[in-house]
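For reference, the structure discussed in these notes is given below.
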Protein chains: 2
Amino acid sequence: MSPTPARTSRAAIIAAAAELLEAHGLEALTMAAVADVVGVRAPSLYKHVADRQQLIAAVADEAVRDLGMAIGNVPGMTDDGVQARLRSVATAFRTFARTRPRATALVFAGLGTEHQPSVDAARAAVAPLLSLAAELAGPERALEAARALTAYAYGFAAMESGGAFRFGSDVDAAWSAGLEALIRGLAA
Amino acid sequence: MSPTPARTSRAAIIAAAAELLEAHGLEALTMAAVADVVGVRAPSLYKHVADRQQLIAAVADEAVRDLGMAIGNVPGMTDDGVQARLRSVATAFRTFARTRPRATALVFAGLGTEHQPSVDAARAAVAPLLSLAAELAGPERALEAARALTAYAYGFAAMESGGAFRFGSDVDAAWSAGLEALIRGLAA
DNA sequence: ACCTGAACACCGTTCAAGT
DNA sequence: ACCTGAACACCGTTCAAGT
């Protein structure tokens with residue numbers, strides 16, 4: 001007669017889904033596999049998430065928040081100049097994208113979902129980058145500069161994770177050279 | 001007794017798959033849907049392609065070739081300086097990515113496939129960009145410069161197609177400003 | 001030599017029945 | 001109030017049977 005307490009939770013389900021995505025790709029993120037990780041049967045998931053699309057959307061939203069924290073909490077930046085801090089934030093972005101490439105692709109390329117993270121979440125995530133861009137290029141051109149930096153960082157990280165850089169040579173050096181060039185150009 | 005002639009072809013199948021991908025997304029690229037477009041039943045496709053993964057890979061390969069042609073045949077560039085030609089080629093890339101966003105994501109982000117386009121195909125596609133990069137930044141730094149330009153162009157186009165630019169303001173102006181900054185910085 | 005229907009394993013999702 | 005097995009429609013893939 002006593003109603004059973006929940007044997008899993010929305011948070012656990014989203015975490016399991018994010019793990020499966022990163023470990024084995026989007027096609028491995030099945031309701032049965034997620035259910036298996038959290039220890040229930042597939043139909044039970046529908047008590048916690050509407051359907052698979054919404055679960056994927058929730059994984060993307062969580063990734064946006066994680067990314068925001070990753071680039072918002074870069075340590076020891078108080079003493080540096082704008083360009084050095086921008087370099088640190090962009091590199092934190094790259095590190096995040098290398099750690100969670102498939103979640104990053106879900107957020108930025110959106111292949112496999114029609115979902116967009118909420119405007120508020122996106123705004124919060126890029127806030128630190130936007131304020132540095134304003135410092136670098138002036139408030140008038142802050143948005144443009146932030147977009148250019150994000151485009152470069154995401155594009156580079158995506159190509160890197162996707163294996164697009166296969167002509168040898170030093171990938172780290174290419175990252176730094178491109179970033180320096182962009183920062184220099186935006187500051188001018 | 002006479003063996004039946006092929007009622008469809010590998011080329012037609014790939015074209016149908018590319019159409020479905022762009023029109024309705026990767027999850028709409030099903031064997032049944034492709035078979036329907038080319039006018040056969042799903043099992044017949046296996047006479048022409050090994051399986052769905054290989055079909056998706058073929059779509060990606062074809063997209064790489066198309067992209068190579070798109071950025072290799074930019075008209076009326078003979079009289080321009082390096083920077084102007086680079087601007088034209090990068091903009092041709094953006095135009096291609098806006099026309100075929102999902103195929104572009106398949107090639108660069110590779111979410112939904114483990115496939116990589118062959119090194120030769122990729123090399124051919126980026127050849128025009130590489131030679132311009134050499135002209136701009138010197139042969140020593142050509143590869144770095146080409147990578148930075150590709151990363152920026154793909155990243156910008158991906159974010160644009162994915163709807164990441166939703167804070168208002170002029171997206172075309174942002175594209176130009178970022179591209180100018182990068183070219184200026186790479187030339188220095 | 002290619003095409004087909006039937007069949008199988010799998011997936012997302014619903015729902016009545018359990019506790 | 002949540003969980004489950006059974007069921008349904010759909011998907012990728014195989015294969016024996018047609019022409």
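Simple scheme: letters A, B, ... for chains in structure tokens order, numbers from 1 for residues in each chain, numbers from 1 for ligands in the order shown.
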Taking only C-alpha atoms (C1' of nucleotides) into account, find every residue of chain D that has an atom no more than 10 Å from chain B, and write it out as a compact mmCIF listing (two decimals) with N, CA and C atoms (P, O5', C5', C4', C3', O3' and C1' of nucleotides), in the first residue's frame.
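Once written, out18.txt looks like this:
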# COMPACT_ATOMS: atom_id res chain seq x y z
P DC D 11 11.04 4.17 -39.37
O5' DC D 11 12.51 3.59 -39.20
C5' DC D 11 13.24 3.84 -38.02
C4' DC D 11 14.25 2.75 -37.80
C3' DC D 11 14.94 2.29 -39.07
O3' DC D 11 16.24 2.87 -39.15
C1' DC D 11 14.38 0.46 -37.60
P DG D 12 17.17 2.59 -40.44
O5' DG D 12 17.96 1.27 -40.00
C5' DG D 12 18.96 1.36 -39.00
C4' DG D 12 19.66 0.02 -38.86
C3' DG D 12 20.38 -0.45 -40.12
O3' DG D 12 21.62 -1.01 -39.74
C1' DG D 12 18.73 -2.05 -39.50
P DT D 13 22.68 -1.47 -40.85
O5' DT D 13 22.22 -2.99 -41.07
C5' DT D 13 22.25 -3.87 -39.94
C4' DT D 13 21.75 -5.24 -40.36
C3' DT D 13 22.30 -5.74 -41.69
O3' DT D 13 23.13 -6.88 -41.41
C1' DT D 13 19.97 -6.19 -41.45
P DT D 14 23.82 -7.70 -42.59
O5' DT D 14 22.84 -8.97 -42.68
C5' DT D 14 22.51 -9.66 -41.49
C4' DT D 14 21.67 -10.88 -41.82
C3' DT D 14 22.14 -11.69 -43.03
O3' DT D 14 22.08 -13.07 -42.69
C1' DT D 14 19.88 -11.07 -43.31
P DT D 19 8.13 -14.90 -60.22
O5' DT D 19 9.29 -14.22 -61.05
C5' DT D 19 9.12 -12.91 -61.58
C4' DT D 19 10.42 -12.46 -62.19
C3' DT D 19 10.79 -13.20 -63.48
O3' DT D 19 10.19 -12.54 -64.61
C1' DT D 19 12.68 -12.80 -62.07
For chain A versus chain B, which residues have an atom no more than 6 Å away, and what is each residue's nearest atom pair and distance in Å rounded to one decimal, using only C-alpha atoms, chain-then-number order, as JSON lines?
{"residue": "A:Phe108", "atom": "CA", "partner": "B:Met159", "partner_atom": "CA", "distance": 5.8}
{"residue": "A:Ala109", "atom": "CA", "partner": "B:Ala158", "partner_atom": "CA", "distance": 5.5}
{"residue": "A:Gly110", "atom": "CA", "partner": "B:Gly162", "partner_atom": "CA", "distance": 5.8}
{"residue": "A:Glu144", "atom": "CA", "partner": "B:Ala174", "partner_atom": "CA", "distance": 4.8}
{"residue": "A:Ala148", "atom": "CA", "partner": "B:Gly178", "partner_atom": "CA", "distance": 5.0}
{"residue": "A:Ala151", "atom": "CA", "partner": "B:Gly155", "partner_atom": "CA", "distance": 4.3}
{"residue": "A:Tyr152", "atom": "CA", "partner": "B:Tyr152", "partner_atom": "CA", "distance": 4.2}
{"residue": "A:Tyr154", "atom": "CA", "partner": "B:Gly155", "partner_atom": "CA", "distance": 5.6}
{"residue": "A:Gly155", "atom": "CA", "partner": "B:Gly155", "partner_atom": "CA", "distance": 3.7}
{"residue": "A:Phe156", "atom": "CA", "partner": "B:Ala151", "partner_atom": "CA", "distance": 4.6}
{"residue": "A:Ala158", "atom": "CA", "partner": "B:Ala109", "partner_atom": "CA", "distance": 5.4}
{"residue": "A:Met159", "atom": "CA", "partner": "B:Phe108", "partner_atom": "CA", "distance": 5.7}
{"residue": "A:Gly162", "atom": "CA", "partner": "B:Ala109", "partner_atom": "CA", "distance": 5.4}
{"residue": "A:Ala174", "atom": "CA", "partner": "B:Glu144", "partner_atom": "CA", "distance": 4.8}
{"residue": "A:Gly178", "atom": "CA", "partner": "B:Ala148", "partner_atom": "CA", "distance": 5.0}
{"residue": "A:Ala181", "atom": "CA", "partner": "B:Gly185", "partner_atom": "CA", "distance": 4.0}
{"residue": "A:Leu182", "atom": "CA", "partner": "B:Leu182", "partner_atom": "CA", "distance": 4.6}
{"residue": "A:Arg184", "atom": "CA", "partner": "B:Gly185", "partner_atom": "CA", "distance": 5.7}
{"residue": "A:Gly185", "atom": "CA", "partner": "B:Ala181", "partner_atom": "CA", "distance": 3.9}
{"residue": "A:Leu186", "atom": "CA", "partner": "B:Ala181", "partner_atom": "CA", "distance": 5.3}
Filtering to N, CA, C and O atoms, could you give me those residues as an mmCIF file, in the first residue's frame?
data_model
loop_
_atom_site.group_PDB
_atom_site.id
_atom_site.type_symbol
_atom_site.label_atom_id
_atom_site.label_comp_id
_atom_site.auth_asym_id
_atom_site.auth_seq_id
_atom_site.Cartn_x
_atom_site.Cartn_y
_atom_site.Cartn_z
ATOM 1 N N PHE A 108 27.133 23.166 -29.588
ATOM 2 C CA PHE A 108 27.466 24.164 -30.608
ATOM 3 C C PHE A 108 27.023 23.795 -32.005
ATOM 4 O O PHE A 108 26.588 24.644 -32.768
ATOM 5 N N ALA A 109 27.161 22.530 -32.379
ATOM 6 C CA ALA A 109 26.778 22.130 -33.736
ATOM 7 C C ALA A 109 25.343 21.649 -33.765
ATOM 8 O O ALA A 109 24.641 21.838 -34.749
ATOM 9 N N GLY A 110 24.890 21.045 -32.658
ATOM 10 C CA GLY A 110 23.482 20.684 -32.562
ATOM 11 C C GLY A 110 23.042 19.612 -33.548
ATOM 12 O O GLY A 110 21.856 19.403 -33.736
ATOM 13 N N GLU A 144 30.928 41.356 -31.129
ATOM 14 C CA GLU A 144 31.659 40.867 -32.301
ATOM 15 C C GLU A 144 32.913 40.104 -31.908
ATOM 16 O O GLU A 144 33.191 39.019 -32.412
ATOM 17 N N ALA A 148 33.816 36.128 -32.412
ATOM 18 C CA ALA A 148 34.989 35.679 -33.169
ATOM 19 C C ALA A 148 35.829 34.723 -32.326
ATOM 20 O O ALA A 148 36.265 33.667 -32.810
ATOM 21 N N ALA A 151 33.955 31.414 -31.922
ATOM 22 C CA ALA A 151 33.974 30.683 -33.190
ATOM 23 C C ALA A 151 35.335 30.016 -33.394
ATOM 24 O O ALA A 151 35.415 28.830 -33.731
ATOM 25 N N TYR A 152 36.388 30.761 -33.168
ATOM 26 C CA TYR A 152 37.728 30.189 -33.329
ATOM 27 C C TYR A 152 37.939 29.034 -32.357
ATOM 28 O O TYR A 152 38.378 27.947 -32.755
ATOM 29 N N TYR A 154 35.765 27.174 -30.596
ATOM 30 C CA TYR A 154 34.938 26.002 -30.849
ATOM 31 C C TYR A 154 35.370 25.303 -32.138
ATOM 32 O O TYR A 154 35.510 24.076 -32.171
ATOM 33 N N GLY A 155 35.585 26.071 -33.190
ATOM 34 C CA GLY A 155 35.979 25.478 -34.473
ATOM 35 C C GLY A 155 37.265 24.687 -34.346
ATOM 36 O O GLY A 155 37.357 23.553 -34.829
ATOM 37 N N PHE A 156 38.233 25.255 -33.669
ATOM 38 C CA PHE A 156 39.506 24.566 -33.498
ATOM 39 C C PHE A 156 39.320 23.276 -32.702
ATOM 40 O O PHE A 156 39.783 22.204 -33.092
ATOM 41 N N ALA A 158 36.599 21.544 -32.205
ATOM 42 C CA ALA A 158 35.775 20.564 -32.919
ATOM 43 C C ALA A 158 36.611 19.817 -33.951
ATOM 44 O O ALA A 158 36.536 18.593 -34.066
ATOM 45 N N MET A 159 37.421 20.561 -34.690
ATOM 46 C CA MET A 159 38.247 19.927 -35.716
ATOM 47 C C MET A 159 39.282 19.016 -35.068
ATOM 48 O O MET A 159 39.587 17.930 -35.565
ATOM 49 N N GLY A 162 37.450 15.959 -33.815
ATOM 50 C CA GLY A 162 36.955 15.190 -34.950
ATOM 51 C C GLY A 162 38.058 14.568 -35.779
ATOM 52 O O GLY A 162 37.801 13.844 -36.729
ATOM 53 N N ALA A 174 49.754 25.484 -33.307
ATOM 54 C CA ALA A 174 48.759 26.080 -34.206
ATOM 55 C C ALA A 174 47.662 26.776 -33.408
ATOM 56 O O ALA A 174 47.226 27.884 -33.757
ATOM 57 N N GLY A 178 47.109 30.836 -33.846
ATOM 58 C CA GLY A 178 45.827 31.358 -34.301
ATOM 59 C C GLY A 178 45.196 32.266 -33.265
ATOM 60 O O GLY A 178 44.665 33.339 -33.584
ATOM 61 N N ALA A 181 47.022 35.568 -33.104
ATOM 62 C CA ALA A 181 46.697 36.383 -34.279
ATOM 63 C C ALA A 181 45.327 37.037 -34.111
ATOM 64 O O ALA A 181 45.161 38.236 -34.375
ATOM 65 N N LEU A 182 44.372 36.265 -33.638
ATOM 66 C CA LEU A 182 43.016 36.790 -33.488
ATOM 67 C C LEU A 182 42.957 37.878 -32.415
ATOM 68 O O LEU A 182 42.379 38.946 -32.621
ATOM 69 N N ARG A 184 45.410 39.719 -31.330
ATOM 70 C CA ARG A 184 46.153 40.886 -31.830
ATOM 71 C C ARG A 184 45.274 41.680 -32.799
ATOM 72 O O ARG A 184 45.175 42.900 -32.710
ATOM 73 N N GLY A 185 44.624 40.951 -33.717
ATOM 74 C CA GLY A 185 43.780 41.612 -34.708
ATOM 75 C C GLY A 185 42.579 42.311 -34.085
ATOM 76 O O GLY A 185 42.187 43.399 -34.511
ATOM 77 N N LEU A 186 42.008 41.703 -33.051
ATOM 78 C CA LEU A 186 40.829 42.294 -32.415
ATOM 79 C C LEU A 186 41.197 43.507 -31.573
ATOM 80 O O LEU A 186 40.388 44.425 -31.403
#
Same-sequence overlay, chain A on chain B, C-alpha least squares, as a compact mmCIF listing (two decimals) with C-alpha atoms, in the first residue's frame:
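Contents of the output file part-v7.txt:
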# COMPACT_ATOMS: atom_id res chain seq x y z
CA MET A 1 15.98 -15.82 -66.85
CA SER A 2 17.60 -12.52 -67.87
CA PRO A 3 19.31 -10.95 -64.85
CA THR A 4 17.48 -7.74 -63.93
CA PRO A 5 19.41 -4.53 -64.62
CA ALA A 6 20.01 -2.30 -61.60
CA ARG A 7 16.92 -0.23 -60.83
CA THR A 8 18.98 2.25 -58.80
CA SER A 9 22.63 3.16 -58.28
CA ARG A 10 25.10 3.94 -55.55
CA ALA A 11 25.23 7.56 -56.71
CA ALA A 12 21.44 7.93 -56.58
CA ILE A 13 21.38 6.38 -53.11
CA ILE A 14 24.06 8.74 -51.79
CA ALA A 15 22.27 11.73 -53.32
CA ALA A 16 18.97 10.69 -51.72
CA ALA A 17 20.69 10.22 -48.38
CA ALA A 18 22.29 13.67 -48.60
CA GLU A 19 18.90 15.23 -49.37
CA LEU A 20 17.22 13.54 -46.41
CA LEU A 21 20.07 14.55 -44.10
CA GLU A 22 19.84 18.20 -45.05
CA ALA A 23 16.05 18.34 -45.15
CA HIS A 24 15.19 16.51 -41.94
CA GLY A 25 18.34 15.62 -40.02
CA LEU A 26 20.43 12.52 -39.49
CA GLU A 27 17.69 10.56 -37.74
CA ALA A 28 15.52 10.94 -40.86
CA LEU A 29 18.24 9.31 -42.94
CA THR A 30 16.83 5.79 -42.56
CA MET A 31 17.33 2.94 -44.99
CA ALA A 32 13.59 2.78 -45.61
CA ALA A 33 13.36 6.51 -46.37
CA VAL A 34 16.34 6.39 -48.73
CA ALA A 35 14.92 3.32 -50.47
CA ASP A 36 11.62 5.10 -50.86
CA VAL A 37 13.25 8.11 -52.55
CA VAL A 38 15.17 5.97 -55.06
CA GLY A 39 12.19 3.70 -55.67
CA VAL A 40 13.22 0.34 -54.23
CA ARG A 41 12.75 -1.55 -50.95
CA ALA A 42 15.20 -1.18 -48.09
CA PRO A 43 16.93 -4.57 -48.49
CA SER A 44 17.94 -3.70 -52.05
CA LEU A 45 20.19 -0.89 -50.82
CA TYR A 46 22.58 -3.48 -49.44
CA LYS A 47 23.52 -4.43 -53.00
CA HIS A 48 25.00 -0.93 -53.36
CA VAL A 49 26.24 0.12 -49.91
CA ALA A 50 27.55 -2.03 -47.08
CA ASP A 51 25.35 -0.57 -44.36
CA ARG A 52 23.94 2.69 -42.98
CA GLN A 53 27.23 3.80 -41.41
CA GLN A 54 29.02 3.43 -44.72
CA LEU A 55 26.25 5.30 -46.49
CA ILE A 56 26.63 8.19 -44.04
CA ALA A 57 30.38 8.06 -44.57
CA ALA A 58 29.83 8.28 -48.32
CA VAL A 59 27.61 11.34 -47.84
CA ALA A 60 30.40 12.95 -45.80
CA ASP A 61 33.00 12.12 -48.46
CA GLU A 62 30.86 13.63 -51.17
CA ALA A 63 30.36 16.74 -49.05
CA VAL A 64 34.14 17.10 -48.71
CA ARG A 65 34.50 16.99 -52.49
CA ASP A 66 31.66 19.49 -52.96
CA LEU A 67 33.22 21.80 -50.41
CA GLY A 68 36.56 21.55 -52.19
CA MET A 69 34.93 22.58 -55.45
CA ALA A 70 33.03 25.40 -53.78
CA ILE A 71 36.16 26.98 -52.33
CA GLY A 72 38.36 26.03 -55.29
CA ASN A 73 36.26 27.75 -57.93
CA VAL A 74 35.72 31.22 -56.53
CA PRO A 75 35.46 33.42 -59.62
CA GLY A 76 37.41 36.54 -60.54
CA MET A 77 40.23 36.32 -58.03
CA THR A 78 43.19 36.80 -60.33
CA ASP A 79 43.58 40.53 -59.85
CA ASP A 80 43.05 40.69 -56.09
CA GLY A 81 45.62 40.79 -53.31
CA VAL A 82 46.12 37.88 -50.91
CA GLN A 83 43.89 39.28 -48.23
CA ALA A 84 41.01 39.92 -50.62
CA ARG A 85 41.29 36.43 -52.09
CA LEU A 86 41.43 34.89 -48.63
CA ARG A 87 38.31 36.83 -47.72
CA SER A 88 36.56 35.45 -50.82
CA VAL A 89 37.56 31.87 -50.13
CA ALA A 90 36.55 32.06 -46.47
CA THR A 91 33.21 33.55 -47.44
CA ALA A 92 32.69 30.76 -50.01
CA PHE A 93 33.25 28.33 -47.15
CA ARG A 94 30.66 30.11 -45.05
CA THR A 95 28.17 30.07 -47.93
CA PHE A 96 28.66 26.34 -48.40
CA ALA A 97 28.21 25.73 -44.67
CA ARG A 98 25.00 27.75 -44.66
CA THR A 99 23.65 25.88 -47.68
CA ARG A 100 24.49 22.45 -46.34
CA PRO A 101 24.83 22.87 -42.57
CA ARG A 102 24.22 19.27 -41.59
CA ALA A 103 26.64 17.84 -44.15
CA THR A 104 29.23 20.37 -42.96
CA ALA A 105 28.70 19.33 -39.35
CA LEU A 106 29.06 15.69 -40.39
CA VAL A 107 32.43 16.46 -41.96
CA PHE A 108 33.91 18.73 -39.28
CA ALA A 109 32.27 17.76 -36.00
CA GLY A 110 31.65 14.14 -36.91
CA LEU A 111 28.98 13.73 -34.25
CA GLY A 112 26.97 10.70 -35.25
CA THR A 113 29.78 9.03 -37.12
CA GLU A 114 33.18 7.67 -36.34
CA HIS A 115 34.00 8.23 -39.98
CA GLN A 116 36.80 10.48 -41.16
CA PRO A 117 37.06 11.55 -44.76
CA SER A 118 40.17 10.15 -46.40
CA VAL A 119 43.31 12.20 -45.95
CA ASP A 120 43.61 12.67 -49.70
CA ALA A 121 40.09 14.03 -50.05
CA ALA A 122 40.59 16.41 -47.15
CA ARG A 123 43.93 17.56 -48.51
CA ALA A 124 42.43 18.27 -51.92
CA ALA A 125 39.53 20.18 -50.40
CA VAL A 126 41.71 22.57 -48.40
CA ALA A 127 44.43 22.97 -51.04
CA PRO A 128 43.30 26.42 -52.24
CA LEU A 129 43.11 27.67 -48.68
CA LEU A 130 46.55 26.28 -47.89
CA SER A 131 48.22 28.02 -50.82
CA LEU A 132 46.63 31.35 -49.90
CA ALA A 133 47.70 30.85 -46.28
CA ALA A 134 51.27 30.31 -47.48
CA GLU A 135 51.13 33.55 -49.43
CA LEU A 136 49.78 35.41 -46.41
CA ALA A 137 51.90 34.04 -43.58
CA GLY A 138 54.90 32.54 -45.34
CA PRO A 139 55.45 28.83 -46.19
CA GLU A 140 56.80 28.17 -42.69
CA ARG A 141 53.54 29.15 -41.03
CA ALA A 142 51.14 28.22 -43.87
CA LEU A 143 49.66 25.17 -42.13
CA GLU A 144 49.08 27.04 -38.87
CA ALA A 145 47.43 29.91 -40.70
CA ALA A 146 45.22 27.59 -42.76
CA ARG A 147 44.13 25.78 -39.60
CA ALA A 148 43.27 29.03 -37.84
CA LEU A 149 41.25 30.26 -40.82
CA THR A 150 39.41 26.96 -41.19
CA ALA A 151 38.70 26.81 -37.46
CA TYR A 152 37.28 30.32 -37.48
CA ALA A 153 35.20 29.79 -40.62
CA TYR A 154 33.82 26.42 -39.54
CA GLY A 155 33.23 27.54 -35.95
CA PHE A 156 31.41 30.65 -37.04
CA ALA A 157 29.30 28.82 -39.61
CA ALA A 158 28.45 26.02 -37.18
CA MET A 159 27.35 28.43 -34.48
CA GLU A 160 25.38 30.40 -37.02
CA SER A 161 23.58 27.32 -38.37
CA GLY A 162 23.06 25.95 -34.87
CA GLY A 163 21.37 29.16 -33.78
CA ALA A 164 24.05 30.09 -31.27
CA PHE A 165 23.92 33.75 -32.30
CA ARG A 166 20.76 34.96 -30.62
CA PHE A 167 21.82 38.12 -28.87
CA GLY A 168 20.76 40.33 -31.73
CA SER A 169 23.27 42.55 -33.52
CA ASP A 170 24.59 42.11 -37.04
CA VAL A 171 25.88 38.60 -37.76
CA ASP A 172 27.33 39.50 -41.17
CA ALA A 173 29.27 42.35 -39.62
CA ALA A 174 30.58 40.02 -36.91
CA TRP A 175 31.73 37.57 -39.58
CA SER A 176 33.65 40.27 -41.43
CA ALA A 177 35.13 41.82 -38.32
CA GLY A 178 36.42 38.50 -37.00
CA LEU A 179 37.79 37.49 -40.38
CA GLU A 180 39.56 40.83 -40.86
CA ALA A 181 41.06 40.59 -37.38
CA LEU A 182 42.34 37.08 -38.01
CA ILE A 183 43.79 37.88 -41.43
CA ARG A 184 45.43 41.02 -40.08
CA GLY A 185 46.87 39.10 -37.14
CA LEU A 186 48.16 36.26 -39.31
CA ALA A 187 49.80 38.63 -41.77
CA ALA A 188 51.71 40.49 -39.08
#### Entry: alpha helix (DSSP H) per DSSP on the backbone: members of segment 9-140 of chain A, as a ChimeraX atom specification
/A:10-24,31-38,52-72,82-99,101-108,119-137
